[in-house]
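protein.txt, holding compact mmCIF, C-alpha atoms:
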# COMPACT_ATOMS: atom_id res chain seq x y z
CA MET A 204 0.00 0.00 0.00
CA ALA A 205 1.39 3.42 -0.99
CA PHE A 206 0.68 4.86 2.45
CA TRP A 207 3.02 2.36 4.10
CA THR A 208 5.87 3.06 1.70
CA ILE A 209 5.60 6.78 2.49
CA LEU A 210 5.42 6.05 6.19
CA ARG A 211 8.45 3.74 5.92
CA ALA A 212 10.44 6.43 4.14
CA ALA A 213 9.62 9.05 6.80
CA PHE A 214 10.33 6.61 9.61
CA GLY A 215 13.64 5.58 8.01
CA TYR A 216 14.70 9.23 7.77
CA PHE A 217 13.87 10.15 11.37
CA PHE A 218 15.21 6.87 12.71
CA LEU A 219 18.55 7.36 10.94
CA ILE A 220 18.79 10.93 12.23
CA PHE A 221 18.23 9.65 15.75
CA ILE A 222 20.73 6.81 15.41
CA VAL A 223 23.44 9.01 13.93
CA ARG A 224 22.88 11.52 16.73
CA ILE A 225 23.20 8.79 19.35
CA VAL A 226 26.18 7.08 17.75
CA GLY A 227 28.11 10.30 17.99
CA ARG A 228 29.58 13.27 16.25
CA ARG A 229 32.51 12.22 14.17
CA PRO A 230 31.65 12.98 10.57
CA GLY A 231 33.34 15.56 8.36
CA LYS A 232 37.09 15.65 8.47
CA GLN A 233 37.20 13.07 11.26
CA LEU A 234 35.60 10.46 9.01
CA THR A 235 37.87 7.44 9.29
CA PRO A 236 37.33 4.05 7.57
CA PHE A 237 35.73 3.08 10.89
CA GLU A 238 32.95 5.63 10.35
CA PHE A 239 32.69 4.92 6.63
CA VAL A 240 31.64 1.36 7.43
CA LEU A 241 29.00 2.61 9.85
CA ILE A 242 27.51 5.15 7.47
CA PHE A 243 27.33 2.88 4.43
CA TYR A 244 26.09 -0.08 6.44
CA LEU A 245 23.37 1.95 8.18
CA GLY A 246 22.33 3.42 4.84
CA GLY A 247 22.15 0.02 3.18
CA LEU A 248 20.18 -1.58 6.00
CA THR A 249 17.73 1.30 6.14
CA LEU A 250 17.23 1.10 2.40
CA THR A 251 16.21 -2.56 2.64
CA GLY A 252 13.43 -1.78 5.11
CA MET A 253 12.30 1.35 3.33
CA VAL A 254 11.98 -0.11 -0.14
CA GLY A 255 10.79 -3.58 0.86
CA GLY A 256 9.56 -5.49 -2.16
CA GLU A 257 8.48 -2.38 -4.02
CA VAL A 258 11.21 -1.53 -6.45
CA SER A 259 9.19 0.59 -8.87
CA LEU A 260 10.36 4.00 -10.03
CA THR A 261 7.10 5.49 -8.70
CA ASN A 262 7.91 4.19 -5.25
CA ALA A 263 11.47 5.51 -5.40
CA VAL A 264 10.33 8.96 -6.52
CA CYS A 265 7.61 9.17 -3.85
CA GLN A 266 9.97 8.01 -1.11
CA ILE A 267 12.65 10.48 -2.17
CA LEU A 268 10.06 13.28 -2.14
CA THR A 269 8.97 12.16 1.33
CA VAL A 270 12.52 12.25 2.65
CA ALA A 271 13.07 15.64 1.03
CA MET A 272 9.93 17.02 2.67
CA CYS A 273 10.88 15.58 6.05
CA HIS A 274 14.29 17.15 5.74
CA TYR A 275 12.87 20.51 4.70
CA GLY A 276 10.35 20.48 7.54
CA LEU A 277 12.93 19.52 10.12
CA ALA A 278 15.34 22.19 8.85
CA ARG A 279 12.61 24.84 9.09
CA ILE A 280 11.65 23.87 12.63
CA ARG A 281 15.32 23.68 13.60
CA GLN A 282 15.86 27.16 12.26
CA ARG A 283 13.05 28.54 14.42
CA SER A 284 13.72 26.58 17.59
CA ASP A 285 17.08 26.85 19.34
CA ARG A 286 16.05 24.01 21.60
CA LEU A 287 15.43 21.65 18.67
CA ALA A 288 18.69 22.75 17.07
CA GLU A 289 20.44 21.85 20.31
CA ILE A 290 18.77 18.45 20.41
CA LEU A 291 19.48 17.69 16.75
CA ASP A 292 23.02 19.00 16.54
CA GLY A 293 24.17 19.28 20.14
CA THR A 294 26.26 22.21 21.25
CA PRO A 295 29.91 22.96 20.52
CA LEU A 296 32.14 21.33 23.12
CA MET A 297 35.53 22.44 24.31
CA LEU A 298 38.05 19.62 24.14
CA LEU A 299 41.21 21.48 25.06
CA GLU A 300 41.45 24.77 26.82
CA GLY A 301 44.60 26.44 28.11
CA ASN A 302 46.80 23.32 28.06
CA THR A 303 44.09 21.29 29.80
CA TRP A 304 42.06 18.50 28.29
CA ARG A 305 38.35 18.32 29.06
CA ALA A 306 38.63 14.69 30.10
CA LEU A 307 34.92 13.93 30.54
CA THR A 308 33.99 15.57 27.25
CA MET A 309 36.73 13.62 25.45
CA GLN A 310 35.53 10.38 27.01
CA ARG A 311 31.84 10.94 26.31
CA THR A 312 32.41 12.08 22.72
CA ARG A 313 34.83 9.19 22.15
CA ILE A 314 37.45 11.56 20.76
CA THR A 315 41.12 10.96 21.47
CA ASP A 316 43.98 13.40 21.79
CA ASN A 317 45.31 11.95 18.53
CA ASP A 318 42.17 13.17 16.76
CA VAL A 319 42.80 16.67 18.09
CA MET A 320 46.47 16.50 17.15
CA ALA A 321 45.58 15.39 13.63
CA MET A 322 43.48 18.54 13.21
CA ALA A 323 46.25 20.66 14.73
CA ARG A 324 48.74 19.28 12.20
CA ASP A 325 46.20 20.10 9.50
CA GLN A 326 46.59 23.73 10.54
CA GLY A 327 50.37 23.55 10.57
CA LEU A 328 50.77 23.23 14.33
CA LYS A 329 53.54 20.95 15.52
CA THR A 330 52.74 20.33 19.18
CA LEU A 331 49.79 20.47 21.54
CA ASP A 332 51.48 23.37 23.33
CA GLU A 333 50.71 25.57 20.35
CA ILE A 334 46.96 25.07 20.72
CA ASP A 335 44.93 27.66 22.59
CA THR A 336 41.55 25.94 22.29
CA ALA A 337 40.23 22.88 20.51
CA THR A 338 36.47 22.73 20.03
CA LEU A 339 34.29 19.94 18.77
CA GLU A 340 31.86 21.77 16.53
CA ARG A 341 28.22 20.88 15.95
CA ASN A 342 29.05 19.53 12.50
CA GLY A 343 31.58 17.14 14.02
CA GLU A 344 34.71 18.97 13.00
CA ILE A 345 37.37 19.95 15.50
CA SER A 346 38.34 23.61 15.24
CA ILE A 347 41.72 24.59 16.53
CA ILE A 348 42.65 28.09 17.59
CA PRO A 349 46.42 28.47 17.91
CA LYS A 350 47.98 30.43 20.76
CA GLU A 351 48.90 33.96 19.88
CA GLN A 352 52.55 34.38 19.02
CA GLU A 353 54.54 36.08 21.79
CA ASP A 354 56.72 38.90 20.44
CA MET B 25 15.03 48.80 -10.07
CA PRO B 26 15.88 45.65 -8.14
CA ASP B 27 14.46 45.19 -4.65
CA ALA B 28 16.77 46.24 -1.83
CA PRO B 29 18.19 43.37 0.21
CA GLU B 30 16.86 42.88 3.69
CA TYR B 31 19.27 43.64 6.51
CA LYS B 32 19.38 42.56 10.13
CA PRO B 33 21.84 43.79 12.75
CA VAL B 34 24.47 41.30 13.91
CA GLU B 35 23.64 40.01 17.36
CA ASP B 36 26.03 37.56 18.94
CA SER B 37 24.00 35.29 21.17
CA VAL B 38 27.19 34.03 22.81
CA PRO B 39 28.50 36.55 25.39
CA LYS B 40 32.09 37.53 24.90
CA VAL B 41 34.15 37.31 28.08
CA ASP B 42 37.76 38.38 28.36
CA ASN B 43 38.19 38.19 24.60
CA ALA B 44 37.80 34.41 24.81
CA VAL B 45 36.56 32.32 21.92
CA ALA B 46 32.78 32.58 21.61
CA VAL B 47 31.97 28.87 21.56
CA GLY B 48 28.43 28.74 22.88
CA GLU B 49 29.04 25.56 24.81
CA ASN B 50 26.07 24.38 26.86
CA LEU B 51 27.48 21.83 29.26
CA SER B 52 24.32 21.47 31.33
CA PHE B 53 22.37 20.46 28.23
CA GLN B 54 25.21 18.21 27.13
CA ARG B 55 25.32 16.40 30.48
CA LYS B 56 21.58 15.76 30.22
CA TRP B 57 22.12 14.48 26.67
CA TRP B 58 24.89 12.12 27.78
CA ARG B 59 22.58 10.73 30.47
CA PHE B 60 19.91 10.28 27.80
CA GLU B 61 22.47 8.60 25.52
CA ARG B 62 23.40 6.09 28.21
CA ALA B 63 19.72 5.24 28.74
CA VAL B 64 19.27 4.85 24.98
CA TRP B 65 22.22 2.44 24.74
CA VAL B 66 20.64 0.31 27.48
CA PHE B 67 17.33 0.47 25.62
CA PHE B 68 19.05 -0.59 22.38
CA GLY B 69 20.58 -3.55 24.20
CA LEU B 70 17.18 -4.59 25.54
CA ILE B 71 15.65 -4.28 22.05
CA ILE B 72 18.32 -6.58 20.62
CA LEU B 73 17.84 -9.11 23.42
CA ALA B 74 14.08 -9.03 22.88
CA ASP B 75 14.63 -9.49 19.16
CA VAL B 76 16.91 -12.49 19.68
CA ALA B 77 14.31 -13.98 22.03
CA GLY B 78 11.69 -13.51 19.32
CA ALA B 79 9.57 -10.78 20.88
CA PHE B 80 9.36 -9.21 17.42
CA GLY B 81 8.92 -12.51 15.59
CA ARG B 82 11.22 -15.22 14.23
CA GLY B 83 12.38 -16.50 17.61
CA PRO B 84 11.44 -18.90 20.41
CA VAL B 85 9.00 -16.47 22.07
CA ALA B 86 7.12 -16.03 18.80
CA LYS B 87 6.49 -19.74 18.29
CA ALA B 88 3.17 -21.05 19.57
CA GLN B 89 1.19 -24.25 19.61
CA GLN B 90 -2.46 -25.03 20.20
CA GLN B 91 -4.04 -28.43 20.39
CA THR B 92 -7.50 -29.95 20.21
CA ASP B 93 -8.58 -33.60 20.05
CA SER B 94 -8.34 -33.59 16.28
CA LEU B 95 -5.64 -31.08 15.43
CA THR B 96 -2.38 -29.58 16.64
CA LEU B 97 -1.50 -26.18 15.22
CA HIS B 98 2.08 -24.89 15.20
CA TYR B 99 2.26 -21.23 14.26
CA GLU B 100 4.01 -17.99 15.02
CA ARG B 101 2.03 -15.65 17.24
CA ILE B 102 4.29 -12.80 16.10
CA GLU B 103 4.92 -12.48 12.38
CA ARG B 104 6.81 -9.90 10.35
CA THR B 105 5.57 -8.08 7.29
CA THR B 106 6.71 -9.61 3.98
CA THR B 107 8.69 -12.26 5.85
CA PRO B 108 7.90 -15.91 5.06
CA SER B 109 6.80 -18.29 7.81
CA THR B 110 5.09 -21.64 7.99
CA MET B 111 1.92 -22.67 9.79
CA THR B 112 1.79 -26.42 10.40
CA PHE B 113 -1.36 -28.47 11.01
CA GLN B 114 -0.90 -31.93 12.50
CA PHE B 115 -3.99 -34.13 12.38
CA ALA B 116 -4.84 -36.66 15.09
CA PRO B 117 -6.21 -40.08 14.02
CA SER B 118 -9.72 -38.92 14.98
CA ALA B 119 -9.58 -36.28 12.21
CA ILE B 120 -9.18 -38.88 9.47
CA GLN B 121 -12.52 -40.01 8.14
CA GLN B 122 -12.90 -42.34 5.16
CA GLY B 123 -9.31 -41.71 4.07
CA HIS B 124 -9.69 -37.95 4.07
CA VAL B 125 -9.10 -35.02 6.41
CA HIS B 126 -10.90 -31.72 6.17
CA LEU B 127 -9.29 -28.51 7.31
CA PHE B 128 -11.06 -25.20 7.72
CA VAL B 129 -8.99 -22.02 7.76
CA SER B 130 -10.53 -18.60 8.22
CA GLN B 131 -10.28 -15.89 5.60
CA SER B 132 -7.74 -14.00 7.72
CA VAL B 133 -5.17 -16.75 7.11
CA ILE B 134 -5.63 -16.40 3.38
CA LYS B 135 -5.83 -12.64 3.20
CA GLN B 136 -4.26 -10.79 6.15
CA LEU B 137 -1.65 -13.42 6.97
CA GLY B 138 -0.93 -13.82 3.26
CA ALA B 139 -1.15 -17.57 2.58
CA GLN B 140 1.20 -18.20 -0.36
CA ARG B 141 0.88 -21.93 -0.89
CA ILE B 142 -0.40 -25.01 0.82
CA SER B 143 1.46 -28.30 0.97
CA PRO B 144 0.43 -30.95 0.05
CA GLN B 145 -1.97 -29.70 -2.59
CA PRO B 146 -5.56 -30.21 -1.39
CA GLU B 147 -7.78 -32.53 -3.32
CA GLN B 148 -10.60 -30.05 -2.97
CA SER B 149 -11.03 -26.45 -1.81
CA ILE B 150 -14.50 -25.33 -0.87
CA LEU B 151 -15.38 -21.75 -0.06
CA SER B 152 -17.35 -21.78 3.13
CA ASP B 153 -18.64 -19.20 5.58
CA GLY B 154 -15.71 -16.97 6.55
CA GLY B 155 -13.00 -19.13 5.09
CA ILE B 156 -11.98 -22.13 3.01
CA THR B 157 -12.33 -25.82 3.76
CA TYR B 158 -9.61 -27.97 2.25
CA THR B 159 -9.84 -31.71 1.76
CA PHE B 160 -6.73 -33.91 1.73
CA PRO B 161 -6.40 -37.64 1.21
CA ALA B 162 -4.88 -39.15 4.39
CA THR B 163 -4.21 -42.67 5.43
CA SER B 164 -1.88 -42.38 8.43
CA ALA B 165 -2.12 -40.62 11.75
CA ASN B 166 -0.10 -37.46 12.39
CA ALA B 167 -0.62 -36.27 8.83
CA LEU B 168 0.92 -32.84 8.30
CA VAL B 169 -0.30 -29.91 6.24
CA GLU B 170 1.76 -26.77 5.89
CA ILE B 171 0.65 -23.31 4.80
CA SER B 172 3.35 -20.81 3.85
CA LEU B 173 2.52 -17.32 5.01
CA GLU B 174 3.83 -13.92 4.06
CA PRO B 175 1.76 -11.12 5.61
CA ALA B 176 1.65 -7.95 3.53
CA LEU B 177 0.58 -5.45 6.17
CA PRO B 178 1.21 -5.02 9.89
CA GLY B 179 -1.63 -5.42 12.36
CA VAL B 180 -3.29 -7.73 14.86
CA TYR B 181 -5.29 -10.48 13.19
CA HIS B 182 -7.58 -13.14 14.57
CA MET B 183 -7.68 -16.50 12.89
CA GLU B 184 -9.72 -19.63 13.29
CA THR B 185 -8.96 -23.11 12.08
CA GLY B 186 -10.00 -26.65 12.78
CA VAL B 187 -11.52 -29.82 11.50
CA PRO B 188 -15.17 -29.08 10.60
CA GLY B 189 -17.56 -30.50 13.18
CA MET B 190 -14.89 -30.59 15.85
CA GLN B 191 -13.54 -28.09 18.34
CA PRO B 192 -11.98 -25.14 16.49
CA ILE B 193 -8.70 -23.40 17.32
CA GLN B 194 -8.72 -19.63 17.64
CA ALA B 195 -5.55 -17.62 17.70
CA ARG B 196 -4.36 -14.05 17.54
CA VAL B 197 -1.39 -13.20 15.37
CA VAL B 198 0.50 -9.92 15.63
CA VAL B 199 2.20 -8.85 12.41
CA MET B 200 5.12 -6.52 13.05
CA PRO B 201 5.96 -3.80 10.51

Same coordinates, now as structure tokens:
Amino acid sequence: MAFWTILRAAFGYFFLIFIVRIVGRRPGKQLTPFEFVLIFYLGGLTLTGMVGGEVSLTNAVCQILTVAMCHYGLARIRQRSDRLAEILDGTPLMLLEGNTWRALTMQRTRITDNDVMAMARDQGLKTLDEIDTATLERNGEISIIPKEQED
Amino acid sequence: MPDAPEYKPVEDSVPKVDNAVAVGENLSFQRKWWRFERAVWVFFGLIILADVAGAFGRGPVAKAQQQTDSLTLHYERIERTTTPSTMTFQFAPSAIQQGHVHLFVSQSVIKQLGAQRISPQPEQSILSDGGITYTFPATSANALVEISLEPALPGVYHMETGVPGMQPIQARVVVMP
């Protein structure tokens, strides 16, 4: 029944959003082969349940439109509600501040000091001492602000 | 003349203190979220355990059996949409009359539970009130008939089966999405 395929598509979208949010924030530049496996596998498994036995082009088009509308609706609500934005994306989190690691944040976000150092090297920094702050952004990237050069 | 663009003054929602980086970190929210995350992981674990046990079908908990003097029915009380399963009817010697057994199955088995095929092929299928009565040649006790099911839609369905003229079996089958 067409209604169920639409419902499956919407459910698959919201369920994946929830799972990705729970699994953690490590997309973007921190995407390692470890995360690649997760993303492709989750996508593939969701697809199986969403499409079911209905492999027609009509079904594909309607499900894509459903997902697009869900995404648009969620983005609009997120734009208007700071609370929802916080729930969907989380808040930026300090990982390193003034030569001190935020140990609990690192543990809970499953980010290691090597991940931070990799981003620091990306910005041309050689040691952790050169970092003023490291922040895990809402999009999963780690932004590094170097210490100001002393004259 | 083109319309003028709309402007809005820049307002930084994150207070700037001591020229520090305006991060906008909300640790109190984040701590609540981490607590929620831990609860969700436990919930996920319970879901997987329930699934392995068959609480959502295709496991030991889902399997069921009902028996009358003439018939034993093995079925799954929890089915899954578009997932094949088998319903088995085992006839007692009292069900065999003049080398034949008759089996009534309600319409819900055919339609909602999605009967795909019946094995062995019945000698005769007669449409009766609220279902179909099949006739099979049978010579030995414990004769088995199997109906392959593949429900198309989720829901809770009631079914009835039995040997006509004898005590019927009624069952409820939950079809998971």

Using all atoms listed in the file, which residues sit within 10 Å of A:Tyr216 once same-chain residues fewer than 5 positions away are excluded, as a list in words?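 The residues that qualify are Leu210, Arg211, Phe221, Thr249, Met253, Thr269, Val270, Ala271, Cys273 and His274 of chain A.
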
If we count only C-alpha atoms and set the cut-off at 8 Å, which residues sit around stretch 318-325 of chain A, ignoring sequence neighbours fewer than 5 positions away in its own chain? Please answer as an mmCIF file with C-alpha atoms, in the coordinates of the input.
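Saved result, out_8.cif, follows:
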data_model
loop_
_atom_site.group_PDB
_atom_site.id
_atom_site.type_symbol
_atom_site.label_atom_id
_atom_site.label_comp_id
_atom_site.auth_asym_id
_atom_site.auth_seq_id
_atom_site.Cartn_x
_atom_site.Cartn_y
_atom_site.Cartn_z
ATOM 1 C CA GLN A 233 37.200 13.070 11.260
ATOM 2 C CA THR A 330 52.740 20.330 19.180
ATOM 3 C CA LEU A 331 49.790 20.470 21.540
ATOM 4 C CA ILE A 334 46.960 25.070 20.720
ATOM 5 C CA ALA A 337 40.230 22.880 20.510
ATOM 6 C CA ILE A 345 37.370 19.950 15.500
ATOM 7 C CA SER A 346 38.340 23.610 15.240
ATOM 8 C CA ILE A 347 41.720 24.590 16.530
#

When the cut-off is 12 Å and we count all atoms listed in the file, which residues of chain A are near chain B, given as a PyMOL selection string? chain A and resi 204-208+210-211+214+221-227+251-257+285-298+300-301+305+307-308+310-313+335-341+346-350

Can you measure atom CA of B:Ile156 to atom CA of B:Ile142 for me? One decimal in Å is fine.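 Here the two named atoms are 12.1 Å from each other.
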
Judged by all atoms listed in the file, the minimum distance to B:Gln91 among B:Ile150, B:Ile120, B:Met190, B:Val133 is found for B:Met190

Give me the residues near B:Glu170 as number ranges by chain, where near means some atom within 8 Å (using all atoms listed in the file) and where sequence neighbours in that chain fewer than 3 positions away do not count. B: 110-113, 142-144

Tell me, in Å to one decimal, how far atom CA of B:Ser94 is from atom CA of B:Ala116.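 Here the two named atoms are 4.8 Å from each other.
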
I want to know what sits within 8 Å of B:Ser130, based on all atoms listed in the file, with residues of the same chain fewer than 2 positions away left out; could you give that as a PyMOL selection string? chain B and resi 128+132-134+154-156+183-185

May I have the residues within 8 Å of B:Thr157 as a ChimeraX atom specification, using only C-alpha atoms and disregarding those fewer than 2 positions away in the same chain? /B:126-129,149-152,155,159

Could you tell me how far atom CA of B:Val197 lies from atom CA of B:Leu137, in Å and to one decimal?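 Distance between the two atoms: 8.4 Å.
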
Within 7 Å of file point (3.8, -17.1, 16.0), counting only C-alpha atoms, expressed as a VMD selection string: chain B and resid 81 86 to 88 99 to 103 197

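Distances from B:Asp153, B:Glu147, B:Glu174, B:Asp75 to B:Ser109 were compared using all atoms listed in the file, and the smallest one belongs to B:Glu174.
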
Generate all heavy atoms for stretch 258-269 of chain A and emit them as an mmCIF file, keeping the file's coordinate frame.
data_model
loop_
_atom_site.group_PDB
_atom_site.id
_atom_site.type_symbol
_atom_site.label_atom_id
_atom_site.label_comp_id
_atom_site.auth_asym_id
_atom_site.auth_seq_id
_atom_site.Cartn_x
_atom_site.Cartn_y
_atom_site.Cartn_z
ATOM 1 N N VAL A 258 10.035 -2.112 -5.810
ATOM 2 C CA VAL A 258 11.210 -1.530 -6.450
ATOM 3 C C VAL A 258 10.841 -0.685 -7.675
ATOM 4 O O VAL A 258 11.660 -0.481 -8.561
ATOM 5 C CB VAL A 258 12.232 -2.635 -6.847
ATOM 6 C CG1 VAL A 258 12.863 -3.247 -5.627
ATOM 7 C CG2 VAL A 258 11.554 -3.709 -7.680
ATOM 8 N N SER A 259 9.604 -0.207 -7.705
ATOM 9 C CA SER A 259 9.190 0.590 -8.870
ATOM 10 C C SER A 259 9.775 1.999 -8.803
ATOM 11 O O SER A 259 10.119 2.495 -7.721
ATOM 12 C CB SER A 259 7.656 0.689 -8.916
ATOM 13 O OG SER A 259 7.206 1.391 -7.786
ATOM 14 N N LEU A 260 9.857 2.627 -9.955
ATOM 15 C CA LEU A 260 10.360 4.000 -10.030
ATOM 16 C C LEU A 260 9.408 4.942 -9.285
ATOM 17 O O LEU A 260 9.838 5.878 -8.606
ATOM 18 C CB LEU A 260 10.496 4.411 -11.501
ATOM 19 C CG LEU A 260 11.094 5.789 -11.762
ATOM 20 C CD1 LEU A 260 12.526 5.861 -11.237
ATOM 21 C CD2 LEU A 260 11.071 6.126 -13.245
ATOM 22 N N THR A 261 8.114 4.660 -9.397
ATOM 23 C CA THR A 261 7.100 5.490 -8.700
ATOM 24 C C THR A 261 7.375 5.491 -7.207
ATOM 25 O O THR A 261 7.364 6.547 -6.564
ATOM 26 C CB THR A 261 5.695 4.902 -8.960
ATOM 27 O OG1 THR A 261 5.536 4.744 -10.351
ATOM 28 C CG2 THR A 261 4.615 5.794 -8.398
ATOM 29 N N ASN A 262 7.633 4.307 -6.679
ATOM 30 C CA ASN A 262 7.910 4.190 -5.250
ATOM 31 C C ASN A 262 9.165 4.969 -4.877
ATOM 32 O O ASN A 262 9.184 5.693 -3.884
ATOM 33 C CB ASN A 262 8.056 2.706 -4.885
ATOM 34 C CG ASN A 262 8.160 2.515 -3.393
ATOM 35 O OD1 ASN A 262 7.442 3.148 -2.638
ATOM 36 N ND2 ASN A 262 9.075 1.672 -2.978
ATOM 37 N N ALA A 263 10.204 4.814 -5.687
ATOM 38 C CA ALA A 263 11.470 5.510 -5.400
ATOM 39 C C ALA A 263 11.256 7.016 -5.401
ATOM 40 O O ALA A 263 11.698 7.715 -4.479
ATOM 41 C CB ALA A 263 12.519 5.109 -6.437
ATOM 42 N N VAL A 264 10.555 7.510 -6.417
ATOM 43 C CA VAL A 264 10.330 8.960 -6.520
ATOM 44 C C VAL A 264 9.530 9.462 -5.314
ATOM 45 O O VAL A 264 9.888 10.458 -4.678
ATOM 46 C CB VAL A 264 9.593 9.296 -7.847
ATOM 47 C CG1 VAL A 264 9.086 10.731 -7.845
ATOM 48 C CG2 VAL A 264 10.518 9.076 -9.036
ATOM 49 N N CYS A 265 8.461 8.733 -4.965
ATOM 50 C CA CYS A 265 7.610 9.170 -3.850
ATOM 51 C C CYS A 265 8.374 9.121 -2.525
ATOM 52 O O CYS A 265 8.214 10.012 -1.689
ATOM 53 C CB CYS A 265 6.349 8.314 -3.768
ATOM 54 S SG CYS A 265 5.238 8.641 -5.136
ATOM 55 N N GLN A 266 9.208 8.105 -2.355
ATOM 56 C CA GLN A 266 9.970 8.010 -1.110
ATOM 57 C C GLN A 266 11.027 9.107 -1.031
ATOM 58 O O GLN A 266 11.256 9.686 0.030
ATOM 59 C CB GLN A 266 10.603 6.624 -0.985
ATOM 60 C CG GLN A 266 9.567 5.559 -0.652
ATOM 61 C CD GLN A 266 10.188 4.298 -0.124
ATOM 62 O OE1 GLN A 266 11.252 3.884 -0.566
ATOM 63 N NE2 GLN A 266 9.517 3.662 0.812
ATOM 64 N N ILE A 267 11.649 9.407 -2.161
ATOM 65 C CA ILE A 267 12.650 10.480 -2.170
ATOM 66 C C ILE A 267 11.979 11.814 -1.841
ATOM 67 O O ILE A 267 12.487 12.615 -1.050
ATOM 68 C CB ILE A 267 13.376 10.540 -3.541
ATOM 69 C CG1 ILE A 267 14.309 9.334 -3.673
ATOM 70 C CG2 ILE A 267 14.171 11.831 -3.687
ATOM 71 C CD1 ILE A 267 14.857 9.120 -5.062
ATOM 72 N N LEU A 268 10.790 12.038 -2.430
ATOM 73 C CA LEU A 268 10.060 13.280 -2.140
ATOM 74 C C LEU A 268 9.682 13.340 -0.655
ATOM 75 O O LEU A 268 9.753 14.406 -0.036
ATOM 76 C CB LEU A 268 8.793 13.369 -2.998
ATOM 77 C CG LEU A 268 9.018 13.546 -4.502
ATOM 78 C CD1 LEU A 268 7.687 13.624 -5.241
ATOM 79 C CD2 LEU A 268 9.849 14.791 -4.794
ATOM 80 N N THR A 269 9.314 12.203 -0.096
ATOM 81 C CA THR A 269 8.970 12.160 1.330
ATOM 82 C C THR A 269 10.160 12.549 2.190
ATOM 83 O O THR A 269 10.051 13.373 3.103
ATOM 84 C CB THR A 269 8.501 10.736 1.721
ATOM 85 O OG1 THR A 269 7.437 10.358 0.869
ATOM 86 C CG2 THR A 269 8.043 10.672 3.167
#
